[in-house]
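Peer 1: Handing you this structure, nothing more for now.
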Amino acid sequence: MPERVKVSRVIHTIHATTDIYKCRLLYQDALGGLVFAENYFPAEDRDAALLYVTNHMVEPMAPRNAEDLTKPFARMAAKIGQAFHSFEIKVTDGKAASQAFRDAGAVTASDYGFFFFVKAESTGGVLLEVCEVAMPNDPYDRKGWGLEVGQGHASGVLRLDHIACVVADVDKALHFFTQLCDGEVLEDGPTDLPEPGRRVLIRLGDTRVAFIQPEQEDSGPLGAFLGKVQNGIYALVWQVEDALKAETHFTGKCGLRVTRTDCVSSGFAIEPEDFLGARHEFIT
């Protein structure tokens with residue numbers, strides 16, 4: 001069996017949006033996001049901001065010219081709308097990782113040398129970004145960086161608990177992330193949140209990722225998610241210090257609606273429509 005690709009960390013989750021400024025402010029005001037960089041990538045004609053919500057980096061990203069479908073990010077944004085786009089893993093050797101994935105039958109795309117994507121059909125349903133270089137000016141790489149830097153905001157967010165993915169083929173996802181990559185299975189069993197299905201939780205680098213496959217793929221909220229064009233990431237699930245305090249902050253100062261419907265966790269969520277298509281859930 002070929003050696004598994006070693007993943008040192010999950011670098012970030014990309015949030016595709018049409019309004020980079022509004023999206024960045026949402027993360028700052030609602031979740032206490034700390035912005036450390038903004039950039040424009042000419043090859044894809046898109047803008048991005050880089051920010052941390054406690055221990056997890058989020059990258060709001062928007063096509064500068066959404067109508068120019070010759071650009072790959074504009075094409076993807078046109079397909080999925082405002083939603084989570086992908087998450088990115090850090091590897092030692094990007095070229096070797098790309099070759100290993102392709103040798104195993106995976107389909108890659110947008111290979112710029114220093115990063116590339118693995119298409120969702122190859123991972124069980126999740127669009128994956130792979131990178132070997134550090135993000136420019138990433139505070140993660142600086143002395144003294146840690147959870148405490150991002151804590152203390154009015155939301156009470158403490159840390160990312162896990163990335164929640166909803167997939168049609170959990171076994172294929174497991175094969176990719178634990179056989180081709182060096183992910184470790186932490187839990188594997190049934191779930192009823194928000195409907196019956198199978199939930200597998202793995203550790204991938206420094207981050208926990210859950211893959212959920214509903215029993216019925218043609219009904220229920222998770223079936224509805226699978227029935228639309230998406231890239232597999234259903235929610236970011238955050239730990240908060242105090243659920244009532246967090247909810248009061250979101251509904252009061254931020255003017256956001258919250259819901260306990262369709263959650264894959266035991267907590268509550270900000271209405272995705274109010275957060276530019278992204279579902280954020282909160283547990284204690």
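Convention: chains lettered A, B, ... in structure tokens order; per-chain residue numbering from 1; ligands numbered from 1 as shown.
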List every residue of stretch 227-270 of chain A that has an atom at most 8 Å from any atom of stretch 58-80 of chain A, giving for each one its closest atom pair and the distance in Å to one decimal, counting only C-alpha atoms, sorted by chain and then by ascending residue number, as CSV.

Peer 2:
```
residue,atom,partner,partner_atom,distance
A:Val229,CA,A:Ile80,CA,5.6
A:Gln230,CA,A:Ile80,CA,5.3
A:Asn231,CA,A:Ile80,CA,7.6
```

Peer 1: So that I can check the surroundings of A:Gly267, please list as a ChimeraX atom specification every protein, DNA and RNA residue that reaches within 12 Å of it, counting only C-alpha atoms and ignoring chain neighbours fewer than 3 positions away.

Peer 2: /A:161,193-194,237-240,242-244,246-247,258-264,270,280-284

Peer 1: Could the residues in this selection be written to a file with C-alpha atoms, as a PDB file, in the first residue's frame?

Peer 2:
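Wrote it out as out.pdb, contents follow:
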```
ATOM      1  CA  ASP A 161     -15.156  22.031  17.319  1.00  0.00           C
ATOM      2  CA  LEU A 193     -29.168  15.008  14.052  1.00  0.00           C
ATOM      3  CA  PRO A 194     -31.066  16.320  12.212  1.00  0.00           C
ATOM      4  CA  VAL A 237     -19.447  23.919  14.384  1.00  0.00           C
ATOM      5  CA  TRP A 238     -17.973  26.174  17.092  1.00  0.00           C
ATOM      6  CA  GLN A 239     -17.631  25.768  20.837  1.00  0.00           C
ATOM      7  CA  VAL A 240     -18.891  28.768  22.796  1.00  0.00           C
ATOM      8  CA  ASP A 242     -22.133  30.410  27.045  1.00  0.00           C
ATOM      9  CA  ALA A 243     -24.901  29.545  24.589  1.00  0.00           C
ATOM     10  CA  LEU A 244     -27.345  32.169  25.866  1.00  0.00           C
ATOM     11  CA  ALA A 246     -23.773  33.913  22.203  1.00  0.00           C
ATOM     12  CA  GLU A 247     -27.399  33.850  21.063  1.00  0.00           C
ATOM     13  CA  VAL A 258     -30.881  31.944  15.004  1.00  0.00           C
ATOM     14  CA  THR A 259     -32.410  28.515  14.514  1.00  0.00           C
ATOM     15  CA  ARG A 260     -32.361  25.044  16.045  1.00  0.00           C
ATOM     16  CA  THR A 261     -33.767  23.492  12.892  1.00  0.00           C
ATOM     17  CA  ASP A 262     -31.618  21.294  10.615  1.00  0.00           C
ATOM     18  CA  CYS A 263     -28.605  21.381  12.957  1.00  0.00           C
ATOM     19  CA  VAL A 264     -26.087  18.523  12.803  1.00  0.00           C
ATOM     20  CA  ILE A 270     -27.214  31.384  12.754  1.00  0.00           C
ATOM     21  CA  HIS A 280     -22.382  28.297  11.611  1.00  0.00           C
ATOM     22  CA  GLU A 281     -23.489  26.135  14.544  1.00  0.00           C
ATOM     23  CA  PHE A 282     -22.655  26.647  18.227  1.00  0.00           C
ATOM     24  CA  ILE A 283     -22.329  24.184  21.081  1.00  0.00           C
ATOM     25  CA  THR A 284     -21.102  24.381  24.666  1.00  0.00           C
TER      26      THR A 284
END
```

Peer 1: Rounded to one decimal place, report the atom CA of A:Val53-atom CA of A:Phe275 distance in Å.

Peer 2: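 Taking atom CA of A:Val53 and atom CA of A:Phe275, their separation equals 14.6 Å.
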
Peer 1: How would you write, as a ChimeraX atom specification, the set of residues in stretch 92-250 of chain A that DSSP gives as strand (DSSP E)?

Peer 2: /A:108-109,115-118,128-131,157-166,184-191,197-204,207-214,233-240

Peer 1: Next, dump the selected residues to file, keeping only N, CA and C atoms, as a short mmCIF file (atom, residue, chain, number, x, y, z; two decimals), in the first residue's frame.

Peer 2:
```cif
data_model
loop_
_atom_site.label_atom_id
_atom_site.label_comp_id
_atom_site.auth_asym_id
_atom_site.auth_seq_id
_atom_site.Cartn_x
_atom_site.Cartn_y
_atom_site.Cartn_z
N THR A 108 -7.79 15.96 -10.10
CA THR A 108 -7.36 17.24 -9.56
C THR A 108 -7.69 18.35 -10.56
N ALA A 109 -7.66 19.58 -10.05
CA ALA A 109 -8.00 20.73 -10.90
C ALA A 109 -7.28 21.96 -10.38
N PHE A 115 -0.54 25.28 -5.07
CA PHE A 115 -1.77 24.69 -4.52
C PHE A 115 -2.58 24.09 -5.66
N PHE A 116 -3.46 23.17 -5.30
CA PHE A 116 -4.36 22.55 -6.27
C PHE A 116 -5.60 22.07 -5.54
N PHE A 117 -6.59 21.65 -6.32
CA PHE A 117 -7.84 21.15 -5.75
C PHE A 117 -8.03 19.68 -6.13
N VAL A 118 -8.68 18.94 -5.26
CA VAL A 118 -9.15 17.59 -5.57
C VAL A 118 -10.66 17.68 -5.69
N LEU A 128 -11.72 19.68 -2.00
CA LEU A 128 -10.55 19.79 -1.14
C LEU A 128 -9.48 20.62 -1.82
N GLU A 129 -8.92 21.57 -1.08
CA GLU A 129 -7.75 22.32 -1.56
C GLU A 129 -6.52 21.77 -0.84
N VAL A 130 -5.41 21.68 -1.57
CA VAL A 130 -4.17 21.14 -1.03
C VAL A 130 -3.06 22.16 -1.29
N CYS A 131 -2.26 22.45 -0.26
CA CYS A 131 -1.22 23.48 -0.40
C CYS A 131 0.01 23.06 0.38
N VAL A 157 -17.04 32.78 21.43
CA VAL A 157 -16.51 31.63 20.68
C VAL A 157 -15.15 31.24 21.25
N LEU A 158 -15.00 29.96 21.55
CA LEU A 158 -13.76 29.46 22.15
C LEU A 158 -12.84 28.80 21.14
N ARG A 159 -13.43 28.01 20.25
CA ARG A 159 -12.62 27.28 19.27
C ARG A 159 -13.54 26.60 18.27
N LEU A 160 -12.96 26.19 17.13
CA LEU A 160 -13.71 25.35 16.20
C LEU A 160 -13.79 23.95 16.77
N ASP A 161 -15.00 23.41 16.87
CA ASP A 161 -15.16 22.03 17.32
C ASP A 161 -14.88 21.07 16.17
N HIS A 162 -15.54 21.30 15.04
CA HIS A 162 -15.27 20.48 13.86
C HIS A 162 -15.90 21.09 12.62
N ILE A 163 -15.43 20.64 11.47
CA ILE A 163 -16.05 20.93 10.18
C ILE A 163 -17.04 19.80 9.90
N ALA A 164 -18.28 20.13 9.62
CA ALA A 164 -19.30 19.12 9.36
C ALA A 164 -19.59 19.04 7.86
N CYS A 165 -19.37 17.86 7.28
CA CYS A 165 -19.60 17.64 5.86
C CYS A 165 -20.73 16.65 5.68
N VAL A 166 -21.58 16.88 4.71
CA VAL A 166 -22.66 15.95 4.37
C VAL A 166 -22.35 15.37 3.00
N GLU A 184 -7.33 10.09 10.99
CA GLU A 184 -7.57 9.05 11.99
C GLU A 184 -9.03 9.04 12.40
N VAL A 185 -9.69 7.89 12.34
CA VAL A 185 -11.09 7.79 12.74
C VAL A 185 -11.19 7.90 14.26
N LEU A 186 -12.05 8.82 14.73
CA LEU A 186 -12.29 9.01 16.16
C LEU A 186 -13.61 8.39 16.59
N GLU A 187 -14.63 8.52 15.76
CA GLU A 187 -15.96 7.97 16.06
C GLU A 187 -16.60 7.52 14.76
N ASP A 188 -17.41 6.47 14.84
CA ASP A 188 -18.14 5.96 13.67
C ASP A 188 -19.42 5.33 14.18
N GLY A 189 -20.55 5.96 13.92
CA GLY A 189 -21.79 5.42 14.43
C GLY A 189 -23.01 6.16 13.90
N PRO A 190 -24.19 5.76 14.38
CA PRO A 190 -25.43 6.39 13.90
C PRO A 190 -25.63 7.77 14.51
N THR A 191 -26.40 8.59 13.81
CA THR A 191 -26.79 9.90 14.31
C THR A 191 -28.25 10.14 13.99
N GLY A 197 -28.88 8.82 10.14
CA GLY A 197 -27.79 8.65 9.20
C GLY A 197 -26.57 8.08 9.90
N ARG A 198 -25.49 8.02 9.19
CA ARG A 198 -24.21 7.57 9.73
C ARG A 198 -23.27 8.76 9.82
N ARG A 199 -22.59 8.86 10.94
CA ARG A 199 -21.67 9.98 11.17
C ARG A 199 -20.30 9.42 11.55
N VAL A 200 -19.29 9.84 10.80
CA VAL A 200 -17.91 9.44 11.08
C VAL A 200 -17.10 10.70 11.36
N LEU A 201 -16.45 10.72 12.51
CA LEU A 201 -15.62 11.85 12.91
C LEU A 201 -14.16 11.43 12.81
N ILE A 202 -13.37 12.22 12.08
CA ILE A 202 -11.94 11.91 11.95
C ILE A 202 -11.11 13.10 12.43
N ARG A 203 -9.87 12.81 12.76
CA ARG A 203 -8.90 13.87 12.99
C ARG A 203 -8.01 13.97 11.76
N LEU A 204 -7.95 15.17 11.19
CA LEU A 204 -7.16 15.42 10.00
C LEU A 204 -6.19 16.55 10.33
N THR A 207 -7.27 19.25 13.05
CA THR A 207 -8.70 19.60 13.00
C THR A 207 -9.55 18.34 12.94
N ARG A 208 -10.73 18.41 13.55
CA ARG A 208 -11.69 17.32 13.46
C ARG A 208 -12.69 17.62 12.33
N VAL A 209 -12.97 16.60 11.55
CA VAL A 209 -13.91 16.72 10.43
C VAL A 209 -14.92 15.59 10.53
N ALA A 210 -16.19 15.92 10.45
CA ALA A 210 -17.26 14.91 10.48
C ALA A 210 -17.84 14.73 9.08
N PHE A 211 -18.06 13.47 8.71
CA PHE A 211 -18.73 13.14 7.45
C PHE A 211 -20.04 12.44 7.79
N ILE A 212 -21.13 13.00 7.30
CA ILE A 212 -22.47 12.50 7.63
C ILE A 212 -23.16 12.07 6.35
N GLN A 213 -23.67 10.84 6.35
CA GLN A 213 -24.45 10.34 5.22
C GLN A 213 -25.85 10.01 5.71
N PRO A 214 -26.87 10.75 5.25
CA PRO A 214 -28.24 10.47 5.70
C PRO A 214 -28.75 9.15 5.15
N ILE A 233 -19.46 20.84 2.30
CA ILE A 233 -19.33 21.39 3.64
C ILE A 233 -20.67 21.95 4.08
N TYR A 234 -21.24 21.33 5.12
CA TYR A 234 -22.57 21.71 5.59
C TYR A 234 -22.50 22.82 6.63
N ALA A 235 -21.52 22.75 7.55
CA ALA A 235 -21.46 23.72 8.64
C ALA A 235 -20.08 23.75 9.26
N LEU A 236 -19.75 24.89 9.86
CA LEU A 236 -18.66 24.97 10.82
C LEU A 236 -19.30 24.98 12.20
N VAL A 237 -18.87 24.06 13.05
CA VAL A 237 -19.45 23.92 14.38
C VAL A 237 -18.44 24.45 15.40
N TRP A 238 -18.86 25.47 16.16
CA TRP A 238 -17.97 26.17 17.09
C TRP A 238 -18.36 25.87 18.53
N GLN A 239 -17.38 25.81 19.40
CA GLN A 239 -17.63 25.77 20.84
C GLN A 239 -17.72 27.20 21.35
N VAL A 240 -18.74 27.45 22.19
CA VAL A 240 -18.89 28.77 22.80
C VAL A 240 -18.89 28.63 24.31
#
```

Peer 1: Could you give me, as a list of chain:residue names, the residues within 10 Å of A:Glu3, counting only C-alpha atoms and dropping anything in the same chain fewer than 6 positions from it?

Peer 2: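 My list of contacting residues is A:Ala100, A:Gln179, A:Leu180, A:Cys181, A:Asp182.
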
Peer 1: Show me, as a VMD selection string, the residues that have an atom within 8 Å of A:Glu38 when counting only C-alpha atoms, minus same-chain residues fewer than 6 positions from it.

Peer 2: chain A and resid 47 to 50

Peer 1: Let me see the file: selected residues, C-alpha atoms, as a PDB file, in the first residue's frame.

Peer 2:
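Resulting contents of again-v1.pdb:
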```
ATOM      1  CA  ASP A  47     -10.644  38.930  -4.077  1.00  0.00           C
ATOM      2  CA  ALA A  48     -10.145  37.310  -0.691  1.00  0.00           C
ATOM      3  CA  ALA A  49      -9.728  38.169   2.964  1.00  0.00           C
ATOM      4  CA  LEU A  50      -7.895  35.973   5.458  1.00  0.00           C
TER       5      LEU A  50
END
```

Peer 1: Using only C-alpha atoms, which residue out of A:Val126, A:Ile20, A:Ala269, A:Cys254 lies closest to A:Glu88?

Peer 2: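 Closest candidate: A:Val126.
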
Peer 1: Looking at only C-alpha atoms, which of A:Asp103, A:Lys228, A:Ala16, A:Arg4 is the one that sits closest to A:Phe84?

Peer 2: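 Using only C-alpha atoms, A:Phe84 sits closest to A:Ala16.
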
Peer 1: With distances taken over only C-alpha atoms, which of A:Cys23, A:His175, A:Ser98, A:Ser265 is nearest to A:Ala278?

Peer 2: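 Smallest distance to A:Ala278 is found for A:Cys23.
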
Peer 1: Which residues, written as a PyMOL selection string, have at least one atom at most 8 Å from A:Ile11, with only C-alpha atoms counted and residues fewer than 5 positions away on the same chain left out?

Peer 2: chain A and resi 56-57+87-90

Peer 1: List every residue of stretch 2-170 of chain A that DSSP, applied to the backbone of this structure, assigns to alpha helix (DSSP H), and report them as a count of residues only.

Peer 2: 40

Peer 1: In Å to one decimal, how far is atom CA of A:Ala37 from atom CA of A:Trp145?

Peer 2: 16.0 Å

Peer 1: Excluding same-chain residues fewer than 5 positions from A:Gln28, what lies within 10 Å of it counting only C-alpha atoms, as an MDAnalysis selection string?

Peer 2: chainID A and resid 22:23 33:35 51:53 153

Peer 1: Which value, in Å to one decimal, gives the distance between atom CA of A:Ala97 and atom CA of A:Asp111?

Peer 2: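 Spanning atom CA of A:Ala97 to atom CA of A:Asp111 is a straight-line distance of 11.6 Å.
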